[in-house]
file data-v7.pdb (PDB, N, CA and C atoms, pLDDT in the B column)
ATOM      1  N   MET A  70     -29.147  -6.528 -10.876  1.00 51.00           N
ATOM      2  CA  MET A  70     -30.512  -6.997 -10.793  1.00 51.00           C
ATOM      3  C   MET A  70     -31.407  -6.101 -11.645  1.00 51.00           C
ATOM      4  N   PHE A  71     -32.372  -6.716 -12.266  1.00 65.00           N
ATOM      5  CA  PHE A  71     -33.285  -5.990 -13.134  1.00 65.00           C
ATOM      6  C   PHE A  71     -34.372  -5.314 -12.313  1.00 65.00           C
ATOM      7  N   ASN A  72     -34.913  -4.247 -12.854  1.00 86.00           N
ATOM      8  CA  ASN A  72     -36.004  -3.536 -12.203  1.00 86.00           C
ATOM      9  C   ASN A  72     -37.322  -4.188 -12.620  1.00 86.00           C
ATOM     10  N   ILE A  73     -37.809  -5.106 -11.781  1.00 92.00           N
ATOM     11  CA  ILE A  73     -39.043  -5.794 -12.113  1.00 92.00           C
ATOM     12  C   ILE A  73     -40.214  -5.126 -11.394  1.00 92.00           C
ATOM     13  N   PRO A  74     -41.402  -5.215 -11.958  1.00 94.00           N
ATOM     14  CA  PRO A  74     -42.569  -4.581 -11.335  1.00 94.00           C
ATOM     15  C   PRO A  74     -42.859  -5.140  -9.946  1.00 94.00           C
ATOM     16  N   LYS A  75     -43.317  -4.293  -9.067  1.00 92.00           N
ATOM     17  CA  LYS A  75     -43.702  -4.713  -7.711  1.00 92.00           C
ATOM     18  C   LYS A  75     -45.184  -5.072  -7.649  1.00 92.00           C
ATOM     19  N   ASP A  76     -46.007  -4.385  -8.430  1.00 95.00           N
ATOM     20  CA  ASP A  76     -47.438  -4.675  -8.466  1.00 95.00           C
ATOM     21  C   ASP A  76     -47.635  -6.092  -8.996  1.00 95.00           C
ATOM     22  N   PRO A  77     -48.376  -6.950  -8.290  1.00 95.00           N
ATOM     23  CA  PRO A  77     -48.523  -8.345  -8.704  1.00 95.00           C
ATOM     24  C   PRO A  77     -49.104  -8.545 -10.106  1.00 95.00           C
ATOM     25  N   VAL A  78     -50.040  -7.726 -10.517  1.00 97.00           N
ATOM     26  CA  VAL A  78     -50.636  -7.875 -11.845  1.00 97.00           C
ATOM     27  C   VAL A  78     -49.624  -7.512 -12.925  1.00 97.00           C
ATOM     28  N   MET A  79     -48.885  -6.452 -12.713  1.00 97.00           N
ATOM     29  CA  MET A  79     -47.833  -6.073 -13.663  1.00 97.00           C
ATOM     30  C   MET A  79     -46.708  -7.111 -13.655  1.00 97.00           C
ATOM     31  N   LEU A  80     -46.403  -7.619 -12.479  1.00 97.00           N
ATOM     32  CA  LEU A  80     -45.386  -8.654 -12.348  1.00 97.00           C
ATOM     33  C   LEU A  80     -45.791  -9.899 -13.132  1.00 97.00           C
ATOM     34  N   LEU A  81     -47.028 -10.290 -13.046  1.00 98.00           N
ATOM     35  CA  LEU A  81     -47.545 -11.436 -13.788  1.00 98.00           C
ATOM     36  C   LEU A  81     -47.305 -11.265 -15.286  1.00 98.00           C
ATOM     37  N   SER A  82     -47.695 -10.131 -15.807  1.00 97.00           N
ATOM     38  CA  SER A  82     -47.514  -9.863 -17.226  1.00 97.00           C
ATOM     39  C   SER A  82     -46.040  -9.880 -17.603  1.00 97.00           C
ATOM     40  N   TYR A  83     -45.225  -9.244 -16.813  1.00 97.00           N
ATOM     41  CA  TYR A  83     -43.790  -9.168 -17.085  1.00 97.00           C
ATOM     42  C   TYR A  83     -43.158 -10.567 -17.090  1.00 97.00           C
ATOM     43  N   VAL A  84     -43.432 -11.340 -16.055  1.00 97.00           N
ATOM     44  CA  VAL A  84     -42.806 -12.660 -15.926  1.00 97.00           C
ATOM     45  C   VAL A  84     -43.286 -13.598 -17.028  1.00 97.00           C
ATOM     46  N   ASN A  85     -44.574 -13.606 -17.310  1.00 98.00           N
ATOM     47  CA  ASN A  85     -45.057 -14.488 -18.377  1.00 98.00           C
ATOM     48  C   ASN A  85     -44.457 -14.110 -19.729  1.00 98.00           C
ATOM     49  N   THR A  86     -44.264 -12.846 -19.965  1.00 97.00           N
ATOM     50  CA  THR A  86     -43.621 -12.415 -21.206  1.00 97.00           C
ATOM     51  C   THR A  86     -42.168 -12.891 -21.243  1.00 97.00           C
ATOM     52  N   GLN A  87     -41.456 -12.746 -20.138  1.00 97.00           N
ATOM     53  CA  GLN A  87     -40.071 -13.215 -20.067  1.00 97.00           C
ATOM     54  C   GLN A  87     -39.992 -14.722 -20.311  1.00 97.00           C
ATOM     55  N   LEU A  88     -40.894 -15.462 -19.674  1.00 98.00           N
ATOM     56  CA  LEU A  88     -40.909 -16.913 -19.844  1.00 98.00           C
ATOM     57  C   LEU A  88     -41.215 -17.297 -21.288  1.00 98.00           C
ATOM     58  N   ARG A  89     -42.154 -16.611 -21.878  1.00 98.00           N
ATOM     59  CA  ARG A  89     -42.544 -16.924 -23.262  1.00 98.00           C
ATOM     60  C   ARG A  89     -41.411 -16.600 -24.244  1.00 98.00           C
ATOM     61  N   ASP A  90     -40.779 -15.457 -24.061  1.00 98.00           N
ATOM     62  CA  ASP A  90     -39.830 -14.961 -25.064  1.00 98.00           C
ATOM     63  C   ASP A  90     -38.368 -15.368 -24.847  1.00 98.00           C
ATOM     64  N   TYR A  91     -37.976 -15.613 -23.601  1.00 97.00           N
ATOM     65  CA  TYR A  91     -36.544 -15.766 -23.341  1.00 97.00           C
ATOM     66  C   TYR A  91     -36.104 -16.993 -22.552  1.00 97.00           C
ATOM     67  N   TYR A  92     -36.979 -17.569 -21.738  1.00 98.00           N
ATOM     68  CA  TYR A  92     -36.530 -18.605 -20.810  1.00 98.00           C
ATOM     69  C   TYR A  92     -37.347 -19.887 -20.929  1.00 98.00           C
ATOM     70  N   PRO A  93     -36.665 -21.040 -20.937  1.00 98.00           N
ATOM     71  CA  PRO A  93     -37.373 -22.310 -21.027  1.00 98.00           C
ATOM     72  C   PRO A  93     -37.917 -22.817 -19.688  1.00 98.00           C
ATOM     73  N   SER A  94     -37.554 -22.130 -18.585  1.00 98.00           N
ATOM     74  CA  SER A  94     -38.045 -22.569 -17.274  1.00 98.00           C
ATOM     75  C   SER A  94     -38.073 -21.390 -16.300  1.00 98.00           C
ATOM     76  N   LEU A  95     -38.882 -21.552 -15.275  1.00 98.00           N
ATOM     77  CA  LEU A  95     -38.956 -20.534 -14.222  1.00 98.00           C
ATOM     78  C   LEU A  95     -37.628 -20.414 -13.502  1.00 98.00           C
ATOM     79  N   GLU A  96     -36.987 -21.528 -13.271  1.00 98.00           N
ATOM     80  CA  GLU A  96     -35.698 -21.525 -12.581  1.00 98.00           C
ATOM     81  C   GLU A  96     -34.669 -20.676 -13.339  1.00 98.00           C
ATOM     82  N   GLU A  97     -34.573 -20.873 -14.640  1.00 98.00           N
ATOM     83  CA  GLU A  97     -33.619 -20.100 -15.438  1.00 98.00           C
ATOM     84  C   GLU A  97     -33.980 -18.621 -15.462  1.00 98.00           C
ATOM     85  N   CYS A  98     -35.261 -18.329 -15.543  1.00 97.00           N
ATOM     86  CA  CYS A  98     -35.722 -16.943 -15.550  1.00 97.00           C
ATOM     87  C   CYS A  98     -35.318 -16.242 -14.243  1.00 97.00           C
ATOM     88  N   CYS A  99     -35.636 -16.863 -13.132  1.00 97.00           N
ATOM     89  CA  CYS A  99     -35.321 -16.261 -11.835  1.00 97.00           C
ATOM     90  C   CYS A  99     -33.822 -16.083 -11.645  1.00 97.00           C
ATOM     91  N   HIS A 100     -33.066 -17.090 -12.044  1.00 96.00           N
ATOM     92  CA  HIS A 100     -31.603 -17.004 -11.917  1.00 96.00           C
ATOM     93  C   HIS A 100     -31.060 -15.834 -12.742  1.00 96.00           C
ATOM     94  N   SER A 101     -31.511 -15.737 -13.958  1.00 95.00           N
ATOM     95  CA  SER A 101     -31.028 -14.684 -14.853  1.00 95.00           C
ATOM     96  C   SER A 101     -31.427 -13.292 -14.380  1.00 95.00           C
ATOM     97  N   LEU A 102     -32.649 -13.171 -13.852  1.00 93.00           N
ATOM     98  CA  LEU A 102     -33.141 -11.869 -13.395  1.00 93.00           C
ATOM     99  C   LEU A 102     -32.685 -11.524 -11.982  1.00 93.00           C
ATOM    100  N   GLY A 103     -32.070 -12.480 -11.295  1.00 93.00           N
ATOM    101  CA  GLY A 103     -31.577 -12.237  -9.942  1.00 93.00           C
ATOM    102  C   GLY A 103     -32.680 -12.125  -8.909  1.00 93.00           C
ATOM    103  N   ILE A 104     -33.732 -12.930  -9.082  1.00 94.00           N
ATOM    104  CA  ILE A 104     -34.833 -12.909  -8.116  1.00 94.00           C
ATOM    105  C   ILE A 104     -35.020 -14.306  -7.531  1.00 94.00           C
ATOM    106  N   GLN A 105     -35.581 -14.351  -6.343  1.00 96.00           N
ATOM    107  CA  GLN A 105     -35.836 -15.622  -5.673  1.00 96.00           C
ATOM    108  C   GLN A 105     -37.119 -16.234  -6.213  1.00 96.00           C
ATOM    109  N   GLU A 106     -37.032 -17.472  -6.645  1.00 97.00           N
ATOM    110  CA  GLU A 106     -38.203 -18.162  -7.192  1.00 97.00           C
ATOM    111  C   GLU A 106     -39.345 -18.213  -6.178  1.00 97.00           C
ATOM    112  N   GLU A 107     -39.021 -18.475  -4.922  1.00 97.00           N
ATOM    113  CA  GLU A 107     -40.050 -18.561  -3.882  1.00 97.00           C
ATOM    114  C   GLU A 107     -40.760 -17.224  -3.695  1.00 97.00           C
ATOM    115  N   ASP A 108     -40.012 -16.132  -3.696  1.00 96.00           N
ATOM    116  CA  ASP A 108     -40.616 -14.807  -3.549  1.00 96.00           C
ATOM    117  C   ASP A 108     -41.571 -14.516  -4.702  1.00 96.00           C
ATOM    118  N   LEU A 109     -41.141 -14.859  -5.901  1.00 97.00           N
ATOM    119  CA  LEU A 109     -41.968 -14.635  -7.078  1.00 97.00           C
ATOM    120  C   LEU A 109     -43.242 -15.466  -7.024  1.00 97.00           C
ATOM    121  N   THR A 110     -43.109 -16.743  -6.727  1.00 97.00           N
ATOM    122  CA  THR A 110     -44.289 -17.605  -6.701  1.00 97.00           C
ATOM    123  C   THR A 110     -45.259 -17.195  -5.597  1.00 97.00           C
ATOM    124  N   LEU A 111     -44.740 -16.739  -4.467  1.00 97.00           N
ATOM    125  CA  LEU A 111     -45.617 -16.277  -3.391  1.00 97.00           C
ATOM    126  C   LEU A 111     -46.348 -14.994  -3.776  1.00 97.00           C
ATOM    127  N   SER A 112     -45.668 -14.091  -4.435  1.00 96.00           N
ATOM    128  CA  SER A 112     -46.293 -12.841  -4.874  1.00 96.00           C
ATOM    129  C   SER A 112     -47.433 -13.115  -5.844  1.00 96.00           C
ATOM    130  N   LEU A 113     -47.208 -14.039  -6.772  1.00 98.00           N
ATOM    131  CA  LEU A 113     -48.236 -14.319  -7.764  1.00 98.00           C
ATOM    132  C   LEU A 113     -49.337 -15.227  -7.211  1.00 98.00           C
ATOM    133  N   ALA A 114     -49.004 -16.053  -6.233  1.00 98.00           N
ATOM    134  CA  ALA A 114     -50.026 -16.871  -5.577  1.00 98.00           C
ATOM    135  C   ALA A 114     -51.025 -15.986  -4.835  1.00 98.00           C
ATOM    136  N   ALA A 115     -50.562 -14.823  -4.383  1.00 97.00           N
ATOM    137  CA  ALA A 115     -51.441 -13.888  -3.676  1.00 97.00           C
ATOM    138  C   ALA A 115     -52.584 -13.389  -4.566  1.00 97.00           C
ATOM    139  N   ILE A 116     -52.378 -13.428  -5.893  1.00 98.00           N
ATOM    140  CA  ILE A 116     -53.452 -13.052  -6.820  1.00 98.00           C
ATOM    141  C   ILE A 116     -53.963 -14.291  -7.562  1.00 98.00           C
ATOM    142  N   ASP A 117     -53.719 -15.451  -6.952  1.00 98.00           N
ATOM    143  CA  ASP A 117     -54.232 -16.742  -7.418  1.00 98.00           C
ATOM    144  C   ASP A 117     -53.676 -17.177  -8.772  1.00 98.00           C
ATOM    145  N   TYR A 118     -52.390 -16.921  -9.000  1.00 98.00           N
ATOM    146  CA  TYR A 118     -51.705 -17.419 -10.185  1.00 98.00           C
ATOM    147  C   TYR A 118     -50.582 -18.344  -9.735  1.00 98.00           C
ATOM    148  N   HIS A 119     -50.466 -19.463 -10.418  1.00 98.00           N
ATOM    149  CA  HIS A 119     -49.493 -20.486 -10.040  1.00 98.00           C
ATOM    150  C   HIS A 119     -48.744 -20.943 -11.278  1.00 98.00           C
ATOM    151  N   TYR A 120     -47.492 -21.291 -11.080  1.00 98.00           N
ATOM    152  CA  TYR A 120     -46.656 -21.694 -12.215  1.00 98.00           C
ATOM    153  C   TYR A 120     -47.077 -23.056 -12.736  1.00 98.00           C
ATOM    154  N   ASN A 121     -47.253 -23.138 -14.043  1.00 98.00           N
ATOM    155  CA  ASN A 121     -47.554 -24.378 -14.738  1.00 98.00           C
ATOM    156  C   ASN A 121     -46.314 -24.746 -15.544  1.00 98.00           C
ATOM    157  N   ARG A 122     -45.627 -25.777 -15.110  1.00 97.00           N
ATOM    158  CA  ARG A 122     -44.354 -26.172 -15.722  1.00 97.00           C
ATOM    159  C   ARG A 122     -44.554 -26.585 -17.183  1.00 97.00           C
ATOM    160  N   GLU A 123     -45.620 -27.295 -17.474  1.00 98.00           N
ATOM    161  CA  GLU A 123     -45.869 -27.754 -18.849  1.00 98.00           C
ATOM    162  C   GLU A 123     -46.073 -26.602 -19.814  1.00 98.00           C
ATOM    163  N   ARG A 124     -46.749 -25.561 -19.353  1.00 98.00           N
ATOM    164  CA  ARG A 124     -47.006 -24.387 -20.199  1.00 98.00           C
ATOM    165  C   ARG A 124     -45.915 -23.334 -20.074  1.00 98.00           C
ATOM    166  N   ASN A 125     -45.064 -23.484 -19.045  1.00 98.00           N
ATOM    167  CA  ASN A 125     -44.004 -22.520 -18.750  1.00 98.00           C
ATOM    168  C   ASN A 125     -44.574 -21.112 -18.618  1.00 98.00           C
ATOM    169  N   GLN A 126     -45.624 -21.016 -17.801  1.00 98.00           N
ATOM    170  CA  GLN A 126     -46.212 -19.708 -17.513  1.00 98.00           C
ATOM    171  C   GLN A 126     -47.053 -19.803 -16.243  1.00 98.00           C
ATOM    172  N   PHE A 127     -47.379 -18.648 -15.723  1.00 98.00           N
ATOM    173  CA  PHE A 127     -48.272 -18.573 -14.575  1.00 98.00           C
ATOM    174  C   PHE A 127     -49.697 -18.503 -15.093  1.00 98.00           C
ATOM    175  N   VAL A 128     -50.537 -19.377 -14.551  1.00 98.00           N
ATOM    176  CA  VAL A 128     -51.926 -19.440 -14.974  1.00 98.00           C
ATOM    177  C   VAL A 128     -52.848 -19.396 -13.772  1.00 98.00           C
TER     178      VAL A 128
END

call {"tool": "encode", "arguments": {"input": "data-v7.pdb", "output": "structure tokens"}}
result
Amino acid sequence: MFNIPKDPVMLLSYVNTQLRDYYPSLEECCHSLGIQEEDLTLSLAAIDYHYNRERNQFV
């Protein structure tokens, strides 16, 4: 498993960069990084960011 940031703001930046540069979907990103999609979306929802499938990023 990768060492991903715990701080939600840093996590947002990290995940959006991963999505932009390496993964065509959130599902593939989470699978590859070994993280639960639900945990990630809940963490980022806490700072009012939600996954936009069309843009493939959290907005």

call {"tool": "residues_around", "arguments": {"input": "data-v7.pdb", "residues": "A:Arg122", "least_positions_apart": "3", "cutoff": "8 Å", "atoms": "all atoms listed in the file", "output": "ChimeraX atom specification"}}
result
/A:94-95,119,125-127

call {"tool": "closest_residue", "arguments": {"input": "data-v7.pdb", "among": "A:Asn72, A:Tyr91, A:Glu96, A:Pro77", "to": "A:Ala115", "atoms": "only N, CA and C atoms"}}
result
A:Pro77

call {"tool": "atom_distance", "arguments": {"input": "data-v7.pdb", "atom1": "atom N of A:Ile116", "atom2": "atom C of A:Tyr92"}}
result
22.2 Å

call {"tool": "select_by_dssp", "arguments": {"input": "data-v7.pdb", "residues": "chain A", "states": "alpha helix (DSSP H)", "output": "PyMOL selection string"}}
result
chain A and resi 77-90+95-102+106-114

call {"tool": "write_last_selection", "arguments": {"input": "data-v7.pdb", "atoms": "N, CA and C atoms", "output": "short mmCIF file (atom, residue, chain, number, x, y, z; two decimals), in the frame of the given file"}}
result
data_model
loop_
_atom_site.label_atom_id
_atom_site.label_comp_id
_atom_site.auth_asym_id
_atom_site.auth_seq_id
_atom_site.Cartn_x
_atom_site.Cartn_y
_atom_site.Cartn_z
N PRO A 77 -48.38 -6.95 -8.29
CA PRO A 77 -48.52 -8.35 -8.70
C PRO A 77 -49.10 -8.54 -10.11
N VAL A 78 -50.04 -7.73 -10.52
CA VAL A 78 -50.64 -7.88 -11.84
C VAL A 78 -49.62 -7.51 -12.92
N MET A 79 -48.88 -6.45 -12.71
CA MET A 79 -47.83 -6.07 -13.66
C MET A 79 -46.71 -7.11 -13.66
N LEU A 80 -46.40 -7.62 -12.48
CA LEU A 80 -45.39 -8.65 -12.35
C LEU A 80 -45.79 -9.90 -13.13
N LEU A 81 -47.03 -10.29 -13.05
CA LEU A 81 -47.54 -11.44 -13.79
C LEU A 81 -47.30 -11.26 -15.29
N SER A 82 -47.70 -10.13 -15.81
CA SER A 82 -47.51 -9.86 -17.23
C SER A 82 -46.04 -9.88 -17.60
N TYR A 83 -45.22 -9.24 -16.81
CA TYR A 83 -43.79 -9.17 -17.08
C TYR A 83 -43.16 -10.57 -17.09
N VAL A 84 -43.43 -11.34 -16.06
CA VAL A 84 -42.81 -12.66 -15.93
C VAL A 84 -43.29 -13.60 -17.03
N ASN A 85 -44.57 -13.61 -17.31
CA ASN A 85 -45.06 -14.49 -18.38
C ASN A 85 -44.46 -14.11 -19.73
N THR A 86 -44.26 -12.85 -19.96
CA THR A 86 -43.62 -12.42 -21.21
C THR A 86 -42.17 -12.89 -21.24
N GLN A 87 -41.46 -12.75 -20.14
CA GLN A 87 -40.07 -13.22 -20.07
C GLN A 87 -39.99 -14.72 -20.31
N LEU A 88 -40.89 -15.46 -19.67
CA LEU A 88 -40.91 -16.91 -19.84
C LEU A 88 -41.22 -17.30 -21.29
N ARG A 89 -42.15 -16.61 -21.88
CA ARG A 89 -42.54 -16.92 -23.26
C ARG A 89 -41.41 -16.60 -24.24
N ASP A 90 -40.78 -15.46 -24.06
CA ASP A 90 -39.83 -14.96 -25.06
C ASP A 90 -38.37 -15.37 -24.85
N LEU A 95 -38.88 -21.55 -15.28
CA LEU A 95 -38.96 -20.53 -14.22
C LEU A 95 -37.63 -20.41 -13.50
N GLU A 96 -36.99 -21.53 -13.27
CA GLU A 96 -35.70 -21.52 -12.58
C GLU A 96 -34.67 -20.68 -13.34
N GLU A 97 -34.57 -20.87 -14.64
CA GLU A 97 -33.62 -20.10 -15.44
C GLU A 97 -33.98 -18.62 -15.46
N CYS A 98 -35.26 -18.33 -15.54
CA CYS A 98 -35.72 -16.94 -15.55
C CYS A 98 -35.32 -16.24 -14.24
N CYS A 99 -35.64 -16.86 -13.13
CA CYS A 99 -35.32 -16.26 -11.84
C CYS A 99 -33.82 -16.08 -11.64
N HIS A 100 -33.07 -17.09 -12.04
CA HIS A 100 -31.60 -17.00 -11.92
C HIS A 100 -31.06 -15.83 -12.74
N SER A 101 -31.51 -15.74 -13.96
CA SER A 101 -31.03 -14.68 -14.85
C SER A 101 -31.43 -13.29 -14.38
N LEU A 102 -32.65 -13.17 -13.85
CA LEU A 102 -33.14 -11.87 -13.40
C LEU A 102 -32.68 -11.52 -11.98
N GLU A 106 -37.03 -17.47 -6.64
CA GLU A 106 -38.20 -18.16 -7.19
C GLU A 106 -39.34 -18.21 -6.18
N GLU A 107 -39.02 -18.48 -4.92
CA GLU A 107 -40.05 -18.56 -3.88
C GLU A 107 -40.76 -17.22 -3.70
N ASP A 108 -40.01 -16.13 -3.70
CA ASP A 108 -40.62 -14.81 -3.55
C ASP A 108 -41.57 -14.52 -4.70
N LEU A 109 -41.14 -14.86 -5.90
CA LEU A 109 -41.97 -14.64 -7.08
C LEU A 109 -43.24 -15.47 -7.02
N THR A 110 -43.11 -16.74 -6.73
CA THR A 110 -44.29 -17.60 -6.70
C THR A 110 -45.26 -17.20 -5.60
N LEU A 111 -44.74 -16.74 -4.47
CA LEU A 111 -45.62 -16.28 -3.39
C LEU A 111 -46.35 -14.99 -3.78
N SER A 112 -45.67 -14.09 -4.43
CA SER A 112 -46.29 -12.84 -4.87
C SER A 112 -47.43 -13.12 -5.84
N LEU A 113 -47.21 -14.04 -6.77
CA LEU A 113 -48.24 -14.32 -7.76
C LEU A 113 -49.34 -15.23 -7.21
N ALA A 114 -49.00 -16.05 -6.23
CA ALA A 114 -50.03 -16.87 -5.58
C ALA A 114 -51.02 -15.99 -4.84
#

call {"tool": "atom_distance", "arguments": {"input": "data-v7.pdb", "atom1": "atom CA of A:Ile73", "atom2": "atom CA of A:Ile104"}}
result
9.2 Å

call {"tool": "residues_around", "arguments": {"input": "data-v7.pdb", "residues": "A:Val78", "least_positions_apart": "4", "cutoff": "10 Å", "atoms": "only C-alpha atoms", "output": "count of residues only"}}
result
7

call {"tool": "select_by_dssp", "arguments": {"input": "data-v7.pdb", "residues": "chain A", "states": "strand (DSSP E)", "output": "compact mmCIF listing (two decimals) with N, CA and C atoms, in the coordinates of the input"}}
result
# COMPACT_ATOMS: atom_id res chain seq x y z
N TYR A 120 -47.49 -21.29 -11.08
CA TYR A 120 -46.66 -21.69 -12.22
C TYR A 120 -47.08 -23.06 -12.74
N ASN A 121 -47.25 -23.14 -14.04
CA ASN A 121 -47.55 -24.38 -14.74
C ASN A 121 -46.31 -24.75 -15.54
N GLN A 126 -45.62 -21.02 -17.80
CA GLN A 126 -46.21 -19.71 -17.51
C GLN A 126 -47.05 -19.80 -16.24
N PHE A 127 -47.38 -18.65 -15.72
CA PHE A 127 -48.27 -18.57 -14.58
C PHE A 127 -49.70 -18.50 -15.09

call {"tool": "atom_distance", "arguments": {"input": "data-v7.pdb", "atom1": "atom CA of A:Leu80", "atom2": "atom C of A:Gln105"}}
result
12.8 Å

call {"tool": "closest_residue", "arguments": {"input": "data-v7.pdb", "among": "A:Cys98, A:Leu88, A:Leu109, A:Met79", "to": "A:Arg124", "atoms": "all atoms listed in the file"}}
result
A:Leu88

call {"tool": "build_atoms", "arguments": {"input": "data-v7.pdb", "residues": "stretch 90-106 of chain A", "atoms": "N, CA, C and O atoms", "output": "compact mmCIF listing (two decimals), in the coordinates of the input"}}
result
# COMPACT_ATOMS: atom_id res chain seq x y z
N ASP A 90 -40.78 -15.46 -24.06
CA ASP A 90 -39.83 -14.96 -25.06
C ASP A 90 -38.37 -15.37 -24.85
O ASP A 90 -37.61 -15.43 -25.81
N TYR A 91 -37.98 -15.61 -23.60
CA TYR A 91 -36.54 -15.77 -23.34
C TYR A 91 -36.10 -16.99 -22.55
O TYR A 91 -34.95 -17.39 -22.64
N TYR A 92 -36.98 -17.57 -21.74
CA TYR A 92 -36.53 -18.60 -20.81
C TYR A 92 -37.35 -19.89 -20.93
O TYR A 92 -38.57 -19.84 -20.96
N PRO A 93 -36.66 -21.04 -20.94
CA PRO A 93 -37.37 -22.31 -21.03
C PRO A 93 -37.92 -22.82 -19.69
O PRO A 93 -38.64 -23.80 -19.65
N SER A 94 -37.55 -22.13 -18.58
CA SER A 94 -38.04 -22.57 -17.27
C SER A 94 -38.07 -21.39 -16.30
O SER A 94 -37.37 -20.39 -16.48
N LEU A 95 -38.88 -21.55 -15.28
CA LEU A 95 -38.96 -20.53 -14.22
C LEU A 95 -37.63 -20.41 -13.50
O LEU A 95 -37.18 -19.31 -13.19
N GLU A 96 -36.99 -21.53 -13.27
CA GLU A 96 -35.70 -21.52 -12.58
C GLU A 96 -34.67 -20.68 -13.34
O GLU A 96 -33.98 -19.85 -12.74
N GLU A 97 -34.57 -20.87 -14.64
CA GLU A 97 -33.62 -20.10 -15.44
C GLU A 97 -33.98 -18.62 -15.46
O GLU A 97 -33.10 -17.76 -15.41
N CYS A 98 -35.26 -18.33 -15.54
CA CYS A 98 -35.72 -16.94 -15.55
C CYS A 98 -35.32 -16.24 -14.24
O CYS A 98 -34.73 -15.16 -14.27
N CYS A 99 -35.64 -16.86 -13.13
CA CYS A 99 -35.32 -16.26 -11.84
C CYS A 99 -33.82 -16.08 -11.64
O CYS A 99 -33.37 -15.04 -11.18
N HIS A 100 -33.07 -17.09 -12.04
CA HIS A 100 -31.60 -17.00 -11.92
C HIS A 100 -31.06 -15.83 -12.74
O HIS A 100 -30.26 -15.04 -12.26
N SER A 101 -31.51 -15.74 -13.96
CA SER A 101 -31.03 -14.68 -14.85
C SER A 101 -31.43 -13.29 -14.38
O SER A 101 -30.65 -12.35 -14.49
N LEU A 102 -32.65 -13.17 -13.85
CA LEU A 102 -33.14 -11.87 -13.40
C LEU A 102 -32.68 -11.52 -11.98
O LEU A 102 -32.91 -10.41 -11.51
N GLY A 103 -32.07 -12.48 -11.30
CA GLY A 103 -31.58 -12.24 -9.94
C GLY A 103 -32.68 -12.12 -8.91
O GLY A 103 -32.58 -11.33 -7.98
N ILE A 104 -33.73 -12.93 -9.08
CA ILE A 104 -34.83 -12.91 -8.12
C ILE A 104 -35.02 -14.31 -7.53
O ILE A 104 -34.64 -15.30 -8.14
N GLN A 105 -35.58 -14.35 -6.34
CA GLN A 105 -35.84 -15.62 -5.67
C GLN A 105 -37.12 -16.23 -6.21
O GLN A 105 -38.17 -15.59 -6.22
N GLU A 106 -37.03 -17.47 -6.64
CA GLU A 106 -38.20 -18.16 -7.19
C GLU A 106 -39.34 -18.21 -6.18
O GLU A 106 -40.50 -17.99 -6.52
